[in-house]
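Novice: Before I ask anything, let me first share the structure, which is written out below as structure tokens.
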Amino acid sequence: MTQKPVTQKQDSEAFVKLVTANGLPEADLWKAVLESSGIPVYFRNEAAAAVIPETVGELSAVDLWVAREQAAEALEILQDERVEPTDEDEHT
């Protein structure tokens, strides 16, 4: 049995942008969390952040992409891992 070649359109529909990180360190952290749960993550637009780490704003943004069928699970994992400030943190 031969496989059909994957076209660019099919490939782009197989993945969805999950979130946009505010730089490569944040993107790397989120990628590690998701991949430790068995969800492969792919970056887009990380080149500027990698070359000029002090970049801010849109130039530092890194998009995280995951397989469409794993997107809901990935979002749930990131929401569970998010650290919310406690009342004590707000007063220091």
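In the structure tokens, each chain is lettered A, B, ... as it comes, each chain's residues begin at 1, and ligands are numbered from 1 in order of appearance.
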Considering only C-alpha atoms, return as a list in words whatever protein or nucleic-acid residues lie within 12 Å of Val41 of chain A, sequence-local ones (same chain, fewer than 5 positions apart) excluded.
Specialist: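 Close residues of Val41 of chain A: Phe15, Val16, Lys17, Leu18, Val19, Ala27, Asp28, Leu29, Trp30, Lys31, Ala32, Val33, Leu34, Glu35, Ser36, Val62, Asp63, Leu64, Trp65, Val66, Ala67, Arg68, Gln70, Ala71 and Ala74 of chain A.
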